[in-house]
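**Student:** Would you mind keeping the following structure in view while I ask a few things?
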Amino acid sequence: MTRSRKRKLQRLHGRPSAIRMLAASVPTLLAGMSAYAQTTSGGLEEIVVTAQKRTEDLQTVPLSIQAFSTQRLQELNIQRFDDYVRFMPSVSYQTLGPGFAAVYMRGVASGGDGNHSGSLPSVGIYLDEQPITTIQGALDVHLYDIQRVEALAGPQGTLYGASSQAGTLRIITNRPDASAFDASYGLEVNSVDGGGMGYLAEGMVNLPINDRTAVRLVGWHRHDAGYIDNVYRERTYPTSGITVSNERFVDDNYNEADTTGARAALQLDLNDNWTITPQVMTQKQETNGSWAYDTTVGEFKLAHNRPETSDDSWVQAALTVEGKVANLDLVYAGSYLKRDVDTESDYSDYSYWYDTLYGYGADWYDDNSVPIDPSQYIQGKDRYDRYTHELRISSDADQRFRFVGGLFYQQQEHDIQQRYKIDNLGSQISVTGWEDTIWLTKQFRVDKDFAVFGEFTFDFTDQLSGTIGARYFESDNSLEGFFGFNDGYVSNPAYGEGYCNSLPVPPDTFNGAPCKVFDKTTTEDGVTPRVNLTYKFTEEAMVYATYSEGFRPGGINRRGTLPPYEADWLTNYELGWKTTWFDNRLRFNGAVFSQ
């Protein structure tokens with residue numbers, strides 16, 4: 001069972017005194033971004049979003065969209081993934097800890113998301129223009145100096161493609177500003193109800209180099225205090241009679257996390273029409289313990305017998321080029337994301353109950369055939385490399401007929417390793433070449449996606465507009481490698497090294513595994529459409545009707561006897577409205593949909 005506890009905090013944030021003096025004569029951070037977050041006199045904040053790949057007022061976008069501006073993020077003290085999703089009614093998630101959240105929108109879930117050999121996520125996550133969606137969990141990007149966060153509910157298959165089947169989350173960073181020097185900081189000390197002490201230090205500096213060039217540097221370090229206790233317990237395995245304890249791992253406030261990261265961006269205005277923005281962002285997140293507890297042990301308590309850690313490091317290098325060709329806007333957005341995740345997980349509850357129910361403990365012994373403690377644990381290594389490229393062109397948004405379209409390509413490589421281990425396991429039942437390993441997964445997965453997309457909008461009258469769009473895609477998914485037991489443990493060759501002997505020409509090894517038991521590829525293509533009609537009664541009230549589709553690519557079943565699985569599709573019928581009342585003091589937006 002997973003559950004969090006509330007934080008009590010003391011927070012200090014602001015700018016150095018020299019910057020406060022400067023603010024009297026030059027725009028500060030929020031004022032400098034007034035095109036995106038502006039408050040009318042006595043009214044609600046107005047937010048401009050780029051959900052449709054162009055700059056628009058949120059209240060004029062015919063989508064079910066929720067957005068948090070810089071100011072709102074600060075007011076709500078939003079720092080990380082689970083802070084902002086709790087304010088989004090259309091978003092839900094399941095998590096095993098920081099960096100391992102499976103995200104869902106509008107309740108769309110297949111039940112098997114997050115498995116390294118399974119379907120891609122149904123919700124796409126973007127950092128600026130670049131997708132950062134990885135299969136085993138959303139990146140837990142620390143949110144500081146962020147321009148806004150957007151949640152686009154419903155299928156976004158036309159403009160965002162694969163893995164935006166049920167919706168899209170977008171994190172938009174603040175860009176360098178050549179008009180003025182700026183800096184800010186945040187300091188926080190917090191205590192968790194019934195847990196430990198945490199702290200946060202973060203800062204930003206914007207450095208103009210000349211009137212066309214600026215650098216923006218951001219850094220942070222956060223310690224999240226634990227609140228789950230790993231308590232002492234002894235267990236006697238029924239089959240062998242061996243009694244074990246978790247004395248080595250007993251600890252209060254067991255689930256702690258440390259997050260350190262930085263972001264650096266350069267903006268160079270080549271002339272009045274062309275801008276280049278390279279950016280590098282990196283983060284390292286180290287956690288200890290579990291974010292779940294066992295109600296049979298006690299609230300916010302568990303009794304685990306093996307290490308539980310995670311080391312999640314990633315870096316993304318991105319490049320955005322923006323310019324004009326005649327009266328058309330041109331954007332290139334490319335990125336490279338590298339993510340390395342090392343994990344340790346306790347699996348002793350599984351071991352105990354399988355021994356209790358099925359006599360599992362009789363199978364585990366050392367090289368002298370003496371029974372051993374059968375408590376299992378998992379050591380995992382995941383290595384991601386992700387390349388994305390998008391070239392997009394759009395017309396003037398003020399024209400009666402307008403369009404946006406482009407080309408998209410991405411490739412994600414995932415090197416997968418999981419070792420299910422039992423200490424002192426006999427070599428005759430360990431996977432060949434892998435000491436103490438009862439089960440080994442050693443695989444390499446590649447997901448490719450190419451697409452051509454476009455949307456066209458026409459204003460039939462000043463009040464009535466129509467949009468039609470489509471995305472043609474080609475996807476390619478491959479999976480190869482080994483999974484299984486040693487022949488000394490299992491007699492079924494489909495689940496062990498015995499399968500290697502049945503191969504026509506078995507290779508010696510696969511990345512250190514006994515052999516390659518499968519090597520499969522599946523390809524697909526298709527079209528996702530979107531049709532929309534929008535009617536504006538006044539500048540403060542509009543309704544829209546939308547038909548849209550979203551998809552996830554198919555993939556490989558690692559069992560050799562099973563065929564690949566095909567893409568799954570989501571069809572959406574939606575009626576929505578956006579209204580503003582009482583001189584922009586009240587907004588009432590909503591949507592009804594059938595999926």
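In the structure tokens, each chain is lettered A, B, ... as it comes, each chain's residues begin at 1, and ligands are numbered from 1 in order of appearance.
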Skip Lys324 in chain A itself and residues of its chain fewer than 5 positions away, then list as a list in words all residues within 12 Å of it, counting only C-alpha atoms.
**Tutor:** Leu270, Asn271, Asp272, Asn273, Trp274, Thr275, Asp329, Leu330, Val331, Tyr332, Arg392, Ile393, Ser394, Ser395 and Asp396 of chain A
**Student:** Applying 6 Å and only C-alpha atoms, which residues near range 380-391 of chain A remain after dropping the ones on its own chain fewer than 4 positions away? List them as a list in words.
**Tutor:**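 Residues meeting the cut-off are Val331, Tyr332, Ala333, Gly334, Ser335, Tyr336, Leu337, Lys338, Arg339, Asp340, Val341, Asp342, Thr343, Gly406, Leu407, Phe408, Tyr409, Gln410, Gln411, Gln412, Glu413, His414, Asp415, Ile416, Gln417 and Gln418 of chain A.
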**Student:** Keeping N, CA, C and O atoms for every residue in the selection just given, could you write it to a file as a CSV table (one decimal), in the first residue's frame?
**Tutor:**
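Once written, again-v1.csv looks like this:
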chain,number,residue,atom,x,y,z
A,331,VAL,N,10.3,25.9,-37.1
A,331,VAL,CA,10.9,25.4,-35.8
A,331,VAL,C,11.5,24.1,-36.0
A,331,VAL,O,10.9,23.1,-36.6
A,332,TYR,N,12.8,23.9,-35.6
A,332,TYR,CA,13.4,22.6,-35.5
A,332,TYR,C,13.7,22.4,-34.0
A,332,TYR,O,14.2,23.2,-33.3
A,333,ALA,N,13.3,21.2,-33.5
A,333,ALA,CA,13.6,20.8,-32.1
A,333,ALA,C,14.2,19.4,-32.1
A,333,ALA,O,13.5,18.5,-32.5
A,334,GLY,N,15.4,19.3,-31.5
A,334,GLY,CA,16.0,18.0,-31.5
A,334,GLY,C,16.6,17.8,-30.1
A,334,GLY,O,16.9,18.8,-29.3
A,335,SER,N,16.8,16.6,-29.7
A,335,SER,CA,17.3,16.3,-28.4
A,335,SER,C,17.9,14.9,-28.3
A,335,SER,O,17.6,14.0,-29.1
A,336,TYR,N,18.8,14.8,-27.3
A,336,TYR,CA,19.4,13.5,-26.9
A,336,TYR,C,19.2,13.3,-25.4
A,336,TYR,O,19.7,14.2,-24.7
A,337,LEU,N,18.5,12.2,-25.0
A,337,LEU,CA,18.3,11.9,-23.6
A,337,LEU,C,19.0,10.7,-23.3
A,337,LEU,O,18.8,9.6,-23.9
A,338,LYS,N,19.9,10.7,-22.2
A,338,LYS,CA,20.5,9.5,-21.7
A,338,LYS,C,20.1,9.3,-20.3
A,338,LYS,O,20.3,10.3,-19.4
A,339,ARG,N,19.6,8.2,-19.9
A,339,ARG,CA,19.1,7.9,-18.6
A,339,ARG,C,19.7,6.5,-18.1
A,339,ARG,O,19.5,5.5,-18.8
A,340,ASP,N,20.3,6.5,-17.0
A,340,ASP,CA,20.9,5.3,-16.4
A,340,ASP,C,20.2,5.1,-15.0
A,340,ASP,O,20.3,6.0,-14.2
A,341,VAL,N,19.7,3.9,-14.8
A,341,VAL,CA,19.0,3.6,-13.6
A,341,VAL,C,19.5,2.3,-13.0
A,341,VAL,O,19.5,1.3,-13.7
A,342,ASP,N,20.0,2.4,-11.8
A,342,ASP,CA,20.4,1.2,-11.1
A,342,ASP,C,19.5,1.0,-9.8
A,342,ASP,O,19.4,1.9,-9.0
A,343,THR,N,18.9,-0.2,-9.7
A,343,THR,CA,18.0,-0.4,-8.6
A,343,THR,C,18.3,-1.7,-7.9
A,343,THR,O,18.9,-2.6,-8.4
A,406,GLY,N,4.4,19.2,-39.9
A,406,GLY,CA,5.8,18.9,-39.8
A,406,GLY,C,6.1,17.4,-39.9
A,406,GLY,O,5.3,16.6,-40.2
A,407,LEU,N,7.4,17.2,-39.6
A,407,LEU,CA,7.9,15.8,-39.7
A,407,LEU,C,8.5,15.5,-38.3
A,407,LEU,O,9.0,16.4,-37.6
A,408,PHE,N,8.4,14.2,-37.9
A,408,PHE,CA,8.9,13.8,-36.6
A,408,PHE,C,9.6,12.5,-36.7
A,408,PHE,O,9.1,11.6,-37.4
A,409,TYR,N,10.7,12.3,-35.9
A,409,TYR,CA,11.4,11.0,-35.8
A,409,TYR,C,11.9,10.9,-34.4
A,409,TYR,O,12.5,11.8,-33.8
A,410,GLN,N,11.8,9.7,-33.9
A,410,GLN,CA,12.4,9.4,-32.6
A,410,GLN,C,12.9,7.9,-32.6
A,410,GLN,O,12.3,7.1,-33.3
A,411,GLN,N,13.9,7.7,-31.8
A,411,GLN,CA,14.4,6.4,-31.6
A,411,GLN,C,14.9,6.2,-30.1
A,411,GLN,O,15.6,7.1,-29.6
A,412,GLN,N,14.3,5.2,-29.4
A,412,GLN,CA,14.7,5.0,-28.1
A,412,GLN,C,15.3,3.6,-28.0
A,412,GLN,O,14.7,2.6,-28.4
A,413,GLU,N,16.5,3.5,-27.4
A,413,GLU,CA,17.2,2.2,-27.1
A,413,GLU,C,17.2,2.0,-25.6
A,413,GLU,O,17.5,2.9,-24.9
A,414,HIS,N,16.8,0.7,-25.3
A,414,HIS,CA,16.7,0.4,-23.9
A,414,HIS,C,17.5,-0.9,-23.6
A,414,HIS,O,17.1,-2.0,-24.1
A,415,ASP,N,18.6,-0.8,-22.9
A,415,ASP,CA,19.4,-2.0,-22.5
A,415,ASP,C,18.9,-2.4,-21.1
A,415,ASP,O,19.0,-1.7,-20.1
A,416,ILE,N,18.4,-3.6,-21.1
A,416,ILE,CA,17.6,-4.1,-19.9
A,416,ILE,C,18.4,-5.3,-19.2
A,416,ILE,O,18.8,-6.2,-19.9
A,417,GLN,N,18.6,-5.1,-17.9
A,417,GLN,CA,19.2,-6.2,-17.1
A,417,GLN,C,18.5,-6.3,-15.8
A,417,GLN,O,18.4,-5.4,-15.1
A,418,GLN,N,18.0,-7.5,-15.5
A,418,GLN,CA,17.4,-7.8,-14.1
A,418,GLN,C,17.9,-9.1,-13.6
A,418,GLN,O,17.8,-10.2,-14.3
**Student:** Would you mind listing what lies within 6 Å of Leu266 in chain A as a count of residues only, with only C-alpha atoms counted and same-chain residues fewer than 4 positions away left out?
**Tutor:** 4
**Student:** Just checking: using only C-alpha atoms, which residue out of A:Gly484, A:Gly186, A:Gly298, A:Gly323 ends up closest to Ile276 in chain A?
**Tutor:**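 Ranked by minimum distance to Ile276 in chain A, first place goes to A:Gly323.
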**Student:** Hey, what's within 7 Å of Glu524 in chain A if we count only C-alpha atoms and toss same-chain stuff fewer than 3 positions away? As a ChimeraX atom specification, please?
**Tutor:** /A:474-476
**Student:** Just to be explicit: take each residue in the selection above, keep N, CA, C and O atoms, and write the result as an mmCIF file, in the first residue's frame.
**Tutor:**
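Written out: out-v8.cif:
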data_model
loop_
_atom_site.group_PDB
_atom_site.id
_atom_site.type_symbol
_atom_site.label_atom_id
_atom_site.label_comp_id
_atom_site.auth_asym_id
_atom_site.auth_seq_id
_atom_site.Cartn_x
_atom_site.Cartn_y
_atom_site.Cartn_z
ATOM 1 N N GLU A 474 4.680 5.648 -38.882
ATOM 2 C CA GLU A 474 5.268 4.328 -39.069
ATOM 3 C C GLU A 474 6.071 4.020 -37.821
ATOM 4 O O GLU A 474 6.931 4.812 -37.421
ATOM 5 N N SER A 475 5.800 2.885 -37.201
ATOM 6 C CA SER A 475 6.513 2.502 -35.982
ATOM 7 C C SER A 475 7.238 1.188 -36.191
ATOM 8 O O SER A 475 6.812 0.338 -36.973
ATOM 9 N N ASP A 476 8.333 1.040 -35.469
ATOM 10 C CA ASP A 476 9.182 -0.139 -35.570
ATOM 11 C C ASP A 476 9.655 -0.483 -34.167
ATOM 12 O O ASP A 476 10.300 0.330 -33.506
#
**Student:** Just the number, please: distance in Å from CA of Lys421 in chain A to CA of Tyr93 in chain A, one decimal.
**Tutor:**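 If I compute the distance from CA of Lys421 in chain A to CA of Tyr93 in chain A, I get 29.3 Å.
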**Student:** Considering only C-alpha atoms, state which residue in the set A:Asn253, A:Asn584, A:Gln279, A:Thr356 is at the smallest distance from Gly194 in chain A.
**Tutor:**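 Nearest to Gly194 in chain A: A:Asn253.
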